[in-house]
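S.K.: Here you go, this is my_file.cif (mmCIF, C-alpha atoms and all ligand atoms).
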```
data_structure
loop_
_atom_site.label_atom_id
_atom_site.label_comp_id
_atom_site.auth_asym_id
_atom_site.auth_seq_id
_atom_site.Cartn_x
_atom_site.Cartn_y
_atom_site.Cartn_z
CA MET A 1 45.32 117.69 13.88
CA SER A 2 46.04 119.48 10.68
CA MET A 3 49.34 120.91 11.84
CA ALA A 4 50.59 117.59 13.11
CA SER A 5 53.68 116.21 11.49
CA HIS A 6 52.53 113.34 9.39
CA VAL A 7 55.88 111.72 8.94
CA SER A 8 57.95 110.76 11.91
CA GLU A 9 61.70 110.86 11.69
CA ASN A 10 62.19 107.20 12.48
CA ARG A 11 60.00 106.07 9.62
CA LEU A 12 62.39 107.67 7.15
CA PRO A 13 64.92 105.57 5.27
CA GLN A 14 68.42 106.06 6.68
CA SER A 15 69.64 108.03 3.67
CA ASP A 16 66.88 110.63 4.06
CA ARG A 17 67.54 111.32 7.69
CA PRO A 18 68.36 114.94 8.22
CA SER A 19 72.03 115.49 8.76
CA GLU A 20 73.09 117.40 11.82
CA PRO A 21 71.97 121.00 11.42
CA ARG A 22 74.58 122.87 9.44
CA VAL A 23 73.62 126.06 11.16
CA GLN A 24 76.09 127.56 13.60
CA ARG A 25 74.09 129.49 16.15
CA PRO A 26 75.58 132.33 18.16
CA ARG A 27 76.15 131.17 21.69
CA ARG A 28 74.46 133.22 24.35
CA ALA A 29 76.19 133.85 27.65
CA ALA A 30 75.13 131.03 29.94
CA PRO A 31 74.12 131.64 33.56
CA ALA A 32 77.08 129.56 34.73
CA ASP A 33 79.45 131.97 32.96
CA ALA A 34 77.88 135.03 34.52
CA VAL A 35 80.40 137.16 36.37
CA ARG A 36 79.02 140.59 35.57
CA PRO A 37 75.81 141.23 37.54
CA THR A 38 73.78 142.15 34.43
CA ARG A 39 71.26 139.42 33.69
CA ALA A 40 67.75 138.76 32.49
CA GLU A 41 65.34 136.79 34.64
CA VAL A 42 62.49 134.99 32.89
CA PHE A 43 59.51 134.05 35.06
CA LEU A 44 58.12 130.76 33.82
CA ASP A 45 54.94 131.13 35.87
CA ALA A 46 54.25 134.43 34.10
CA LEU A 47 54.51 132.64 30.74
CA ARG A 48 52.02 129.99 31.90
CA HIS A 49 49.72 132.69 33.26
CA ASN A 50 49.82 134.66 30.00
CA LEU A 51 49.10 131.48 28.04
CA ARG A 52 45.98 130.98 30.17
CA VAL A 53 44.86 134.58 29.51
CA VAL A 54 45.44 134.12 25.79
CA LYS A 55 43.59 130.79 25.78
CA ARG A 56 40.60 132.40 27.43
CA ALA A 57 40.55 135.10 24.75
CA ALA A 58 40.95 132.50 21.98
CA LYS A 59 37.89 130.54 23.17
CA THR A 60 37.76 127.42 20.99
CA ALA A 61 40.58 128.45 18.63
CA LYS A 62 43.94 126.69 18.89
CA VAL A 63 46.74 128.75 20.43
CA TRP A 64 50.10 128.68 18.64
CA PRO A 65 52.48 131.02 20.51
CA VAL A 66 54.97 132.79 18.25
CA LEU A 67 58.53 132.07 19.41
CA LYS A 68 60.52 133.77 16.65
CA ALA A 69 63.67 135.75 17.45
CA ASP A 70 64.62 133.46 20.34
CA ALA A 71 61.11 133.78 21.79
CA TYR A 72 61.25 137.57 21.71
CA GLY A 73 64.56 137.46 23.56
CA HIS A 74 63.35 135.16 26.36
CA GLY A 75 65.16 132.04 25.07
CA ALA A 76 63.17 129.84 22.71
CA PRO A 77 64.00 126.33 24.04
CA ALA A 78 63.07 127.07 27.67
CA VAL A 79 59.97 129.06 26.71
CA ALA A 80 58.79 126.35 24.32
CA ARG A 81 59.29 123.57 26.89
CA THR A 82 57.33 125.56 29.46
CA LEU A 83 54.46 126.40 27.11
CA GLU A 84 54.30 122.93 25.58
CA ARG A 85 53.82 121.42 29.04
CA ALA A 86 51.29 124.13 29.86
CA GLY A 87 49.14 123.13 26.90
CA ALA A 88 50.11 125.25 23.90
CA ASP A 89 48.65 123.59 20.79
CA GLY A 90 51.66 124.33 18.60
CA PHE A 91 54.23 127.03 17.90
CA CYS A 92 55.08 129.52 15.17
CA VAL A 93 58.58 130.67 14.28
CA ALA A 94 59.89 132.87 11.50
CA LEU A 95 62.84 130.75 10.38
CA PHE A 96 63.57 127.15 9.55
CA GLU A 97 66.65 127.47 11.79
CA GLU A 98 64.43 128.49 14.70
CA ALA A 99 62.20 125.47 14.15
CA VAL A 100 65.26 123.17 14.10
CA GLU A 101 66.38 124.67 17.39
CA LEU A 102 63.01 123.80 18.96
CA ARG A 103 63.03 120.25 17.60
CA ASP A 104 66.61 119.82 18.89
CA ALA A 105 65.32 120.99 22.28
CA GLY A 106 62.86 118.12 22.28
CA ILE A 107 59.72 120.02 21.27
CA THR A 108 57.26 117.65 19.58
CA ALA A 109 54.30 120.04 19.16
CA PRO A 110 53.46 121.21 15.63
CA ILE A 111 55.69 124.07 14.44
CA LEU A 112 54.65 126.50 11.72
CA VAL A 113 57.57 128.10 9.85
CA MET A 114 56.27 131.46 8.66
CA SER A 115 58.92 133.26 6.64
CA GLY A 116 59.10 131.01 3.57
CA HIS A 117 62.92 130.67 3.42
CA TYR A 118 63.75 126.99 3.04
CA GLY A 119 66.99 127.16 1.06
CA ALA A 120 67.79 123.63 -0.03
CA SER A 121 66.21 122.18 3.12
CA HIS A 122 62.75 121.18 1.89
CA GLY A 123 63.48 117.53 2.72
CA GLU A 124 64.59 118.51 6.21
CA VAL A 125 61.43 120.55 6.74
CA ILE A 126 59.45 117.40 5.99
CA ALA A 127 61.71 115.10 7.99
CA ARG A 128 61.57 117.36 11.03
CA GLY A 129 57.78 117.35 10.92
CA LEU A 130 57.52 121.11 10.38
CA VAL A 131 54.64 122.91 8.72
CA PRO A 132 55.94 125.39 6.16
CA VAL A 133 54.13 128.50 5.05
CA ILE A 134 54.18 128.98 1.30
CA TYR A 135 52.93 131.68 -1.04
CA GLU A 136 54.51 130.89 -4.41
CA ARG A 137 54.26 128.10 -6.94
CA GLY A 138 58.01 127.47 -6.71
CA GLN A 139 57.74 126.59 -3.00
CA LEU A 140 54.91 124.18 -3.73
CA GLU A 141 56.97 122.56 -6.44
CA ALA A 142 60.01 122.20 -4.19
CA PHE A 143 58.03 120.53 -1.40
CA ALA A 144 56.29 118.26 -3.90
CA HIS A 145 59.66 117.24 -5.28
CA ALA A 146 61.07 116.55 -1.81
CA ALA A 147 57.95 114.61 -0.78
CA ARG A 148 58.18 112.48 -3.92
CA THR A 149 61.90 111.82 -3.40
CA MET A 150 61.25 110.78 0.16
CA GLY A 151 58.43 108.49 -0.90
CA LEU A 152 55.77 109.99 1.35
CA THR A 153 52.56 108.03 1.22
CA SER A 154 50.23 110.90 2.07
CA ALA A 155 50.10 114.51 0.94
CA PHE A 156 52.45 116.81 2.87
CA PRO A 157 50.53 119.61 4.63
CA VAL A 158 51.52 123.24 4.10
CA HIS A 159 49.83 126.52 4.98
CA LEU A 160 49.18 129.05 2.24
CA LYS A 161 49.61 132.70 3.11
CA VAL A 162 47.38 135.30 1.49
CA ASP A 163 48.36 138.97 1.24
CA THR A 164 45.18 140.76 2.26
CA GLY A 165 46.68 144.23 2.45
CA MET A 166 49.98 144.21 4.31
CA ALA A 167 52.13 143.91 1.16
CA ARG A 168 54.84 141.87 2.86
CA LEU A 169 54.46 138.13 2.22
CA GLY A 170 51.58 136.16 0.78
CA ILE A 171 49.94 135.44 -2.50
CA GLN A 172 47.93 138.32 -3.86
CA PRO A 173 44.21 137.74 -4.40
CA ALA A 174 44.53 138.15 -8.17
CA ASP A 175 46.90 135.18 -8.32
CA LEU A 176 44.74 132.75 -6.35
CA ALA A 177 43.22 130.99 -9.36
CA ALA A 178 46.64 130.22 -10.81
CA MET A 179 47.80 129.04 -7.38
CA ALA A 180 44.80 126.74 -7.07
CA GLU A 181 45.79 125.21 -10.39
CA ALA A 182 49.35 124.71 -9.17
CA ILE A 183 48.01 123.06 -6.03
CA HIS A 184 46.19 120.54 -8.21
CA ASP A 185 49.38 120.02 -10.25
CA PHE A 186 51.23 118.83 -7.13
CA PRO A 187 49.15 116.22 -5.29
CA GLU A 188 52.19 115.38 -3.12
CA VAL A 189 51.36 118.55 -1.19
CA LYS A 190 48.08 119.66 0.35
CA VAL A 191 47.06 123.06 1.65
CA SER A 192 45.89 122.24 5.16
CA GLY A 193 45.88 125.83 6.39
CA LEU A 194 45.17 129.33 5.12
CA MET A 195 46.65 132.34 6.85
CA THR A 196 47.01 136.07 6.56
CA HIS A 197 48.65 138.74 8.69
CA LEU A 198 47.01 141.94 9.92
CA ALA A 199 48.80 145.25 9.51
CA CYS A 200 46.74 147.43 11.84
CA ALA A 201 45.31 145.19 14.57
CA ASP A 202 47.05 147.27 17.24
CA ALA A 203 45.63 150.57 16.02
CA LEU A 204 42.70 152.38 17.60
CA GLY A 205 40.47 152.04 14.55
CA THR A 206 39.35 148.72 13.08
CA GLU A 207 38.68 149.76 9.50
CA GLU A 208 41.81 148.22 7.93
CA THR A 209 41.42 145.01 9.91
CA VAL A 210 37.79 144.61 8.87
CA GLU A 211 38.81 145.12 5.25
CA GLN A 212 41.67 142.62 5.50
CA MET A 213 39.37 140.00 7.02
CA ARG A 214 36.83 140.63 4.26
CA ILE A 215 39.53 140.01 1.63
CA PHE A 216 40.63 136.88 3.52
CA ASP A 217 37.05 135.51 3.46
CA GLU A 218 36.85 136.28 -0.23
CA ALA A 219 40.17 134.51 -0.88
CA THR A 220 38.93 131.50 1.07
CA ALA A 221 35.79 131.39 -1.07
CA THR A 222 37.79 131.76 -4.30
CA LEU A 223 40.07 128.87 -3.37
CA ALA A 224 37.05 126.76 -2.39
CA ARG A 225 35.52 127.38 -5.82
CA PHE A 226 38.69 125.88 -7.26
CA GLY A 227 38.45 122.91 -4.93
CA VAL A 228 41.08 124.04 -2.40
CA ARG A 229 39.65 123.76 1.10
CA ALA A 230 41.92 124.22 4.13
CA GLU A 231 41.07 122.68 7.48
CA VAL A 232 42.31 125.65 9.51
CA ARG A 233 42.37 129.39 8.94
CA HIS A 234 44.30 131.83 11.08
CA ALA A 235 44.97 135.55 11.12
CA ALA A 236 45.10 136.92 14.66
CA ASN A 237 48.25 138.22 16.30
CA SER A 238 48.16 139.34 19.95
CA ALA A 239 46.41 142.62 19.22
CA ALA A 240 43.63 141.10 17.13
CA LEU A 241 43.13 138.32 19.63
CA LEU A 242 42.91 140.52 22.73
CA ARG A 243 40.61 142.86 20.94
CA GLY A 244 38.27 139.89 20.71
CA GLU A 245 37.98 139.50 16.99
CA SER A 246 39.02 137.19 14.17
CA SER A 247 40.16 134.18 16.17
CA LEU A 248 39.03 131.82 13.36
CA ASP A 249 40.47 128.31 13.98
CA ALA A 250 43.82 129.30 15.47
CA VAL A 251 45.64 132.35 16.80
CA ARG A 252 49.30 133.37 16.66
CA PRO A 253 50.04 135.47 19.75
CA GLY A 254 53.60 136.67 20.24
CA ILE A 255 54.02 139.69 22.48
CA ALA A 256 51.02 138.85 24.71
CA ILE A 257 52.62 135.55 25.69
CA PHE A 258 55.49 137.58 27.10
CA GLY A 259 53.05 139.72 29.04
CA VAL A 260 53.43 142.94 27.12
CA SER A 261 50.48 144.87 25.76
CA PRO A 262 50.21 144.91 21.97
CA ARG A 263 47.83 147.83 21.96
CA ALA A 264 48.08 151.53 21.56
CA GLU A 265 48.05 153.38 24.89
CA GLY A 266 44.49 154.07 26.03
CA SER A 267 42.92 151.20 24.13
CA GLN A 268 43.63 148.37 26.55
CA SER A 269 41.16 145.54 26.86
CA PRO A 270 40.52 144.11 30.35
CA LEU A 271 42.41 140.98 29.29
CA THR A 272 45.48 143.06 28.44
CA ASN A 273 45.57 144.30 32.02
CA GLU A 274 45.85 140.73 33.24
CA LEU A 275 49.08 140.07 31.36
CA ARG A 276 52.31 139.83 33.38
CA GLN A 277 55.64 140.86 31.87
CA ALA A 278 57.72 137.68 31.88
CA ILE A 279 61.17 139.26 31.73
CA ARG A 280 63.07 141.34 34.24
CA VAL A 281 66.47 142.76 33.36
CA ARG A 282 68.63 143.68 36.32
CA SER A 283 72.15 144.76 37.08
CA GLU A 284 74.00 146.36 39.98
CA VAL A 285 75.64 149.66 40.71
CA VAL A 286 79.38 149.12 40.24
CA SER A 287 80.64 152.61 40.99
CA VAL A 288 79.37 155.82 42.61
CA ARG A 289 80.87 159.32 42.54
CA ASP A 290 79.94 162.73 43.88
CA LEU A 291 80.30 165.55 41.37
CA PRO A 292 80.05 169.34 41.69
CA THR A 293 77.68 171.48 39.66
CA GLY A 294 78.71 171.74 35.99
CA ALA A 295 80.53 168.40 35.75
CA ALA A 296 80.37 166.47 32.46
CA VAL A 297 79.08 162.90 32.39
CA GLY A 298 79.88 160.31 29.71
CA TYR A 299 80.99 160.40 26.05
CA GLY A 300 80.57 163.75 24.34
CA ALA A 301 79.77 165.44 27.65
CA LEU A 302 76.12 165.15 26.64
CA TYR A 303 75.10 165.74 30.25
CA ARG A 304 76.30 168.32 32.73
CA THR A 305 75.26 168.33 36.36
CA THR A 306 73.05 171.26 37.36
CA ARG A 307 73.59 170.73 41.10
CA PRO A 308 76.02 168.79 43.27
CA SER A 309 75.18 165.25 42.09
CA ARG A 310 75.69 161.61 42.95
CA ILE A 311 76.23 159.61 39.77
CA ALA A 312 76.14 155.80 39.69
CA THR A 313 77.58 153.58 36.96
CA VAL A 314 75.62 150.53 35.79
CA PRO A 315 77.36 147.84 33.72
CA MET A 316 74.80 147.59 30.94
CA GLY A 317 75.06 149.45 27.64
CA TYR A 318 73.83 149.47 24.10
CA ALA A 319 75.69 146.24 23.30
CA ASP A 320 73.43 144.58 25.86
CA GLY A 321 70.28 146.08 24.34
CA LEU A 322 69.93 149.30 26.31
CA SER A 323 69.45 151.59 23.35
CA ARG A 324 71.77 154.54 22.87
CA ARG A 325 68.62 156.50 22.08
CA LEU A 326 68.00 156.45 25.86
CA THR A 327 70.86 158.94 26.27
CA ASN A 328 69.55 161.50 28.80
CA VAL A 329 66.09 159.88 28.55
CA GLY A 330 64.22 157.52 30.83
CA HIS A 331 65.04 155.84 34.12
CA LEU A 332 66.44 152.79 35.83
CA LEU A 333 65.24 151.60 39.24
CA VAL A 334 67.42 151.69 42.36
CA ARG A 335 66.16 150.89 45.89
CA GLY A 336 62.58 150.95 44.57
CA LYS A 337 62.90 154.45 43.10
CA ARG A 338 63.40 155.86 39.61
CA ALA A 339 66.81 157.30 38.80
CA PRO A 340 67.22 159.22 35.53
CA ILE A 341 69.69 158.07 32.87
CA VAL A 342 72.30 160.81 32.45
CA GLY A 343 74.78 161.23 29.61
CA ALA A 344 75.33 158.98 26.63
CA VAL A 345 74.54 155.30 27.01
CA SER A 346 77.85 153.69 26.11
CA MET A 347 78.58 150.21 24.81
CA ASP A 348 79.01 148.49 28.16
CA MET A 349 77.90 151.04 30.73
CA THR A 350 75.30 153.63 31.58
CA MET A 351 75.25 156.35 34.22
CA ILE A 352 72.26 157.31 36.35
CA ASP A 353 71.66 160.22 38.69
CA VAL A 354 71.06 158.84 42.19
CA THR A 355 71.22 162.18 44.01
CA ASP A 356 67.59 161.70 45.06
CA VAL A 357 67.99 158.05 46.00
CA PRO A 358 69.15 158.16 49.64
CA LEU A 359 71.92 155.70 50.53
CA ALA A 360 72.39 154.49 46.93
CA ALA A 361 75.62 152.54 46.95
CA VAL A 362 77.82 150.11 45.08
CA ARG A 363 76.19 146.66 44.73
CA ASP A 364 72.65 148.06 44.90
CA GLU A 365 70.39 146.23 42.48
CA VAL A 366 69.44 148.21 39.37
CA VAL A 367 66.37 147.26 37.34
CA VAL A 368 66.36 148.16 33.68
CA LEU A 369 63.11 146.39 32.78
CA GLY A 370 60.53 144.99 35.18
CA SER A 371 59.61 145.56 38.82
CA GLN A 372 61.65 146.38 41.86
CA ASP A 373 60.69 146.32 45.53
CA GLY A 374 63.07 148.42 47.56
CA PRO A 375 63.32 150.36 50.81
CA LEU A 376 62.04 153.45 48.98
CA GLY A 377 59.02 151.84 47.35
CA ARG A 378 57.88 149.62 44.52
CA GLU A 379 58.29 150.66 40.89
CA HIS A 380 57.85 149.03 37.52
CA ILE A 381 59.40 149.75 34.14
CA GLY A 382 57.44 148.12 31.34
CA ALA A 383 58.69 147.37 27.84
CA GLU A 384 56.17 149.94 26.52
CA GLU A 385 57.69 152.69 28.65
CA VAL A 386 61.20 151.97 27.40
CA ALA A 387 59.90 151.74 23.85
CA ASN A 388 58.25 155.15 24.12
CA HIS A 389 61.44 156.66 25.48
CA GLN A 390 63.56 155.30 22.66
CA GLY A 391 61.03 156.03 19.92
CA SER A 392 60.41 152.38 19.16
CA ILE A 393 58.01 149.55 20.02
CA SER A 394 57.99 146.95 22.78
CA TRP A 395 58.81 144.18 20.29
CA GLU A 396 62.15 145.85 19.52
CA VAL A 397 62.93 146.45 23.19
CA LEU A 398 62.46 142.75 24.02
CA THR A 399 64.30 141.38 21.01
CA SER A 400 67.24 143.78 21.51
CA ILE A 401 68.36 142.25 24.81
CA SER A 402 71.54 140.81 23.42
CA ARG A 403 73.17 137.43 23.77
CA ARG A 404 75.73 138.94 26.12
CA VAL A 405 73.02 139.03 28.80
CA PRO A 406 72.58 135.58 30.37
CA ARG A 407 68.99 134.43 30.92
CA PHE A 408 68.05 132.92 34.27
CA TYR A 409 64.81 130.95 34.42
CA ARG A 410 62.81 131.36 37.60
CA GLU A 411 60.12 129.18 39.06
CA PRO A 412 58.19 130.83 41.86
C1 LIG B 501 55.33 138.11 14.70
C2 LIG B 501 54.10 137.56 14.10
C3 LIG B 501 52.98 137.27 14.89
C4 LIG B 501 52.90 137.63 16.36
O1 LIG B 501 52.73 139.03 16.52
P1 LIG B 501 52.48 139.73 17.94
O2 LIG B 501 52.09 141.10 17.59
O3 LIG B 501 53.79 139.69 18.67
O4 LIG B 501 51.42 138.95 18.63
C5 LIG B 501 51.91 136.65 14.28
N1 LIG B 501 51.92 136.36 12.96
C6 LIG B 501 52.98 136.65 12.17
C7 LIG B 501 52.94 136.32 10.72
C8 LIG B 501 54.09 137.28 12.70
O5 LIG B 501 55.13 137.58 11.91
#
```
Now that the file is in, can you turn its structure into structure tokens?
Ligand SMILES: *Cc1c(COP(=O)(O)O)cnc(C)c1O

M.R.:
Amino acid sequence: MSMASHVSENRLPQSDRPSEPRVQRPRRAAPADAVRPTRAEVFLDALRHNLRVVKRAAKTAKVWPVLKADAYGHGAPAVARTLERAGADGFCVALFEEAVELRDAGITAPILVMSGHYGASHGEVIARGLVPVIYERGQLEAFAHAARTMGLTSAFPVHLKVDTGMARLGIQPADLAAMAEAIHDFPEVKVSGLMTHLACADALGTEETVEQMRIFDEATATLARFGVRAEVRHAANSAALLRGESSLDAVRPGIAIFGVSPRAEGSQSPLTNELRQAIRVRSEVVSVRDLPTGAAVGYGALYRTTRPSRIATVPMGYADGLSRRLTNVGHLLVRGKRAPIVGAVSMDMTMIDVTDVPLAAVRDEVVVLGSQDGPLGREHIGAEEVANHQGSISWEVLTSISRRVPRFYREP
């Protein structure tokens, strides 16, 4: 496989073994430490289900789930172990540090490191069997140097990223000829993959995506003319994949793996409807009070009751990832019913109006994200809904759930 690590750690001479990672990672609250009732539940069967949906859409293409940003807030080690066992072909992360975390967690599948920051760790990238994405001559040179120093006997595989119109990372088409020359200058490295990233795959129209794919094909042909032929090409994120286009040889789904639609409202594909949100964030009512008409609620008195009201306090605030932009906007679920957020979301707490939720009481479960079955019905709050309320996107909602919220992993 072209993404496979081609040097195993135990074949390295002792002196080239990677030292312990120098990276201090923030420690997330562990389930065992959980005293406060606010927690995130991650449903491992939903992850496996979503992987199956994605695999069906990918047809013969390899599926490399994207587990950057702690697997979109779900906890990268546990998600990677689950998906690796369920047959993911490899993984993508943004950072070298994230790849190290997965290797330390025992993940042996290929890992593509997409952001291009390698610091002084080129040797460690090689030793850890990672596949780096490059887009500049300097990166090629650094990996060639490391490969030479380590005495590799075969060319070290990297993926070359092409900027086809997103203007973020990637070599621009005009510079491809010079890059091809550089590739020949450094035989210690080989370009085993070509990738690009789509800017508008989640939009209603397809014009930009079609144009980006055309430029990608052209870039592929240009490189081939200069003798650079990659074994795999990949472009599709969740949106492009579920839309049924541009799977090429591999796909890089992120948000779909977590069961959240990547598409604009009203443009869902049937496959999107099969996805199951893998995370549920829940807490409990810790306090309830009855207030007269005209009473102020929360910092800045940003809400005043317009009737005699029952107000419940929930111990989750913006420091946990419940955006302050939800002040007076949106709902939480109590007893299977929606209760509106009232007043300013504060750092550790949020108030909701439970006047219309009969019998709401202290210790009632409160769902911030996900489904709830209660005596008053069944309701669901999706990441898209929260994103719309806070003027953002589902990706930000998921990745904002902070490390103060312990993750519990659930098997059915
Ligand atoms: C984040 C990312 C993806 C995954 O995107 P989704 O929209 O979450 O599927 C794929 N490729 C690259 C380069 C990315 O940065």

S.K.: Hey, which of A:Leu326, A:Leu248, A:Ile279, A:Ile255 ends up closest to Lys62 (chain A)? Count only C-alpha atoms.

M.R.: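 For Lys62 (chain A), the nearest of the given residues is A:Leu248.
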
S.K.: Using all atoms listed in the file, can you tell me which of A:Leu140, A:Val345, A:Ile171, A:Ala383 comes closest to Lys190 (chain A)?

M.R.: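 Looking at the shortest contact to Lys190 (chain A), the residue is A:Leu140.
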
S.K.: Go through the chains and note each residue within 9 Å of ligand LIG 501 (chain B), using only C-alpha atoms and all ligand atoms, then give the set as a PDB file with C-alpha atoms, in the frame of the given file.

M.R.:
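Saved file selection.pdb follows:
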```pdb
ATOM      1  CA  PRO A  65      52.480 131.020  20.510  1.00  0.00           C
ATOM      2  CA  VAL A  66      54.970 132.790  18.250  1.00  0.00           C
ATOM      3  CA  LEU A  67      58.530 132.070  19.410  1.00  0.00           C
ATOM      4  CA  LYS A  68      60.520 133.770  16.650  1.00  0.00           C
ATOM      5  CA  TYR A  72      61.250 137.570  21.710  1.00  0.00           C
ATOM      6  CA  CYS A  92      55.080 129.520  15.170  1.00  0.00           C
ATOM      7  CA  VAL A  93      58.580 130.670  14.280  1.00  0.00           C
ATOM      8  CA  ALA A  94      59.890 132.870  11.500  1.00  0.00           C
ATOM      9  CA  MET A 114      56.270 131.460   8.660  1.00  0.00           C
ATOM     10  CA  SER A 115      58.920 133.260   6.640  1.00  0.00           C
ATOM     11  CA  LEU A 169      54.460 138.130   2.220  1.00  0.00           C
ATOM     12  CA  MET A 195      46.650 132.340   6.850  1.00  0.00           C
ATOM     13  CA  THR A 196      47.010 136.070   6.560  1.00  0.00           C
ATOM     14  CA  HIS A 197      48.650 138.740   8.690  1.00  0.00           C
ATOM     15  CA  LEU A 198      47.010 141.940   9.920  1.00  0.00           C
ATOM     16  CA  ALA A 201      45.310 145.190  14.570  1.00  0.00           C
ATOM     17  CA  ASP A 202      47.050 147.270  17.240  1.00  0.00           C
ATOM     18  CA  ALA A 235      44.970 135.550  11.120  1.00  0.00           C
ATOM     19  CA  ALA A 236      45.100 136.920  14.660  1.00  0.00           C
ATOM     20  CA  ASN A 237      48.250 138.220  16.300  1.00  0.00           C
ATOM     21  CA  SER A 238      48.160 139.340  19.950  1.00  0.00           C
ATOM     22  CA  ALA A 239      46.410 142.620  19.220  1.00  0.00           C
ATOM     23  CA  ALA A 240      43.630 141.100  17.130  1.00  0.00           C
ATOM     24  CA  LEU A 241      43.130 138.320  19.630  1.00  0.00           C
ATOM     25  CA  VAL A 251      45.640 132.350  16.800  1.00  0.00           C
ATOM     26  CA  ARG A 252      49.300 133.370  16.660  1.00  0.00           C
ATOM     27  CA  PRO A 253      50.040 135.470  19.750  1.00  0.00           C
ATOM     28  CA  GLY A 254      53.600 136.670  20.240  1.00  0.00           C
ATOM     29  CA  ILE A 255      54.020 139.690  22.480  1.00  0.00           C
ATOM     30  CA  ALA A 256      51.020 138.850  24.710  1.00  0.00           C
ATOM     31  CA  ILE A 257      52.620 135.550  25.690  1.00  0.00           C
ATOM     32  CA  PHE A 258      55.490 137.580  27.100  1.00  0.00           C
ATOM     33  CA  PRO A 262      50.210 144.910  21.970  1.00  0.00           C
ATOM     34  CA  TRP A 395      58.810 144.180  20.290  1.00  0.00           C
TER      35      TRP A 395
END
```

S.K.: Could you work out how far CA of Gly90 (chain A) lies from CA of Glu218 (chain A), giving the answer in Å with one decimal?

M.R.: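 Interatomic distance here is 26.8 Å.
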
S.K.: Which residue, A:Gly170, A:Pro315, A:Gly138, A:Gly244, has the smallest gap to Val366 (chain A) when you use all atoms listed in the file?

M.R.: A:Pro315

S.K.: Quote the spacing between CA of Asp364 (chain A) and CA of Asp45 (chain A) in Å to one decimal place.

M.R.: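 Taking CA of Asp364 (chain A) as the start and CA of Asp45 (chain A) as the end point, the length is 26.1 Å.
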
S.K.: List the spatial neighbours of Pro173 (chain A) as a tab-separated table (two decimals) with C-alpha atoms, in the coordinates of the input - criterion: any atom at most 9 Å away, all atoms listed in the file, same-chain residues fewer than 4 positions off excluded.

M.R.:
```tsv
chain	number	residue	atom	x	y	z
A	162	VAL	CA	47.38	135.30	1.49
A	163	ASP	CA	48.36	138.97	1.24
A	164	THR	CA	45.18	140.76	2.26
A	177	ALA	CA	43.22	130.99	-9.36
A	215	ILE	CA	39.53	140.01	1.63
A	216	PHE	CA	40.63	136.88	3.52
A	218	GLU	CA	36.85	136.28	-0.23
A	219	ALA	CA	40.17	134.51	-0.88
A	222	THR	CA	37.79	131.76	-4.30
```

S.K.: Using CA of Ala278 (chain A) and CA of Ser346 (chain A) as the two end points, give the distance in Å to one decimal.

M.R.: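 Separating CA of Ala278 (chain A) from CA of Ser346 (chain A) is a distance of 26.4 Å.
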
S.K.: Excluding Thr293 (chain A) and any residue of its chain fewer than 2 positions from it, enumerate the residues within 8 Å of it, using only C-alpha atoms, and give them as a PDB file with C-alpha atoms, in the coordinates of the input.

M.R.:
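As written to disk, out27.pdb reads:
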```
ATOM      1  CA  LEU A 291      80.300 165.550  41.370  1.00  0.00           C
ATOM      2  CA  ALA A 295      80.530 168.400  35.750  1.00  0.00           C
ATOM      3  CA  ARG A 304      76.300 168.320  32.730  1.00  0.00           C
ATOM      4  CA  THR A 305      75.260 168.330  36.360  1.00  0.00           C
ATOM      5  CA  THR A 306      73.050 171.260  37.360  1.00  0.00           C
ATOM      6  CA  ARG A 307      73.590 170.730  41.100  1.00  0.00           C
ATOM      7  CA  PRO A 308      76.020 168.790  43.270  1.00  0.00           C
ATOM      8  CA  SER A 309      75.180 165.250  42.090  1.00  0.00           C
TER       9      SER A 309
END
```

S.K.: Within 10 Å of Glu141 (chain A), counting only C-alpha atoms, which residues qualify if same-chain residues fewer than 5 places away don't, as a list in words?

M.R.: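 Once the nearby chain positions are removed, what remains is Glu136, Ala146, Ala147, Ala182, Ile183, Asp185, Phe186, Glu188 and Val189 of chain A.
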
S.K.: Output C-alpha atoms of each residue in that selection to a file, as a CSV table (one decimal), in the frame of the given file.

M.R.:
```csv
chain,number,residue,atom,x,y,z
A,136,GLU,CA,54.5,130.9,-4.4
A,146,ALA,CA,61.1,116.6,-1.8
A,147,ALA,CA,58.0,114.6,-0.8
A,182,ALA,CA,49.4,124.7,-9.2
A,183,ILE,CA,48.0,123.1,-6.0
A,185,ASP,CA,49.4,120.0,-10.2
A,186,PHE,CA,51.2,118.8,-7.1
A,188,GLU,CA,52.2,115.4,-3.1
A,189,VAL,CA,51.4,118.6,-1.2
```

S.K.: When distances are computed from only C-alpha atoms, which of A:Ile134, A:Leu271, A:Ala88, A:Met349 shows the smallest separation from Ala61 (chain A)?

M.R.: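 Nearest candidate to Ala61 (chain A) out of A:Ile134, A:Leu271, A:Ala88, A:Met349: A:Ala88.
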
S.K.: If I wrap all listed atoms of region 285-304 of chain A in a box with edges along x, y and z and add 4 Å on each side, what are its centre and edge lengths in Å to one decimal, as AutoDock Vina command-line options?

M.R.:
```
--center_x 78.0 --center_y 160.4 --center_z 34.1 --size_x 13.9 --size_y 30.6 --size_z 27.5
```

S.K.: Which polymer residues have any atom within 8 Å of an atom of Gly377 (chain A), counting all atoms listed in the file, with same-chain residues fewer than 3 positions away left out, as an mmCIF file with C-alpha atoms, in the coordinates of the input?

M.R.:
```cif
data_model
loop_
_atom_site.group_PDB
_atom_site.id
_atom_site.type_symbol
_atom_site.label_atom_id
_atom_site.label_comp_id
_atom_site.auth_asym_id
_atom_site.auth_seq_id
_atom_site.Cartn_x
_atom_site.Cartn_y
_atom_site.Cartn_z
ATOM 1 C CA ARG A 335 66.160 150.890 45.890
ATOM 2 C CA GLY A 336 62.580 150.950 44.570
ATOM 3 C CA LYS A 337 62.900 154.450 43.100
ATOM 4 C CA ASP A 373 60.690 146.320 45.530
ATOM 5 C CA GLY A 374 63.070 148.420 47.560
#
```
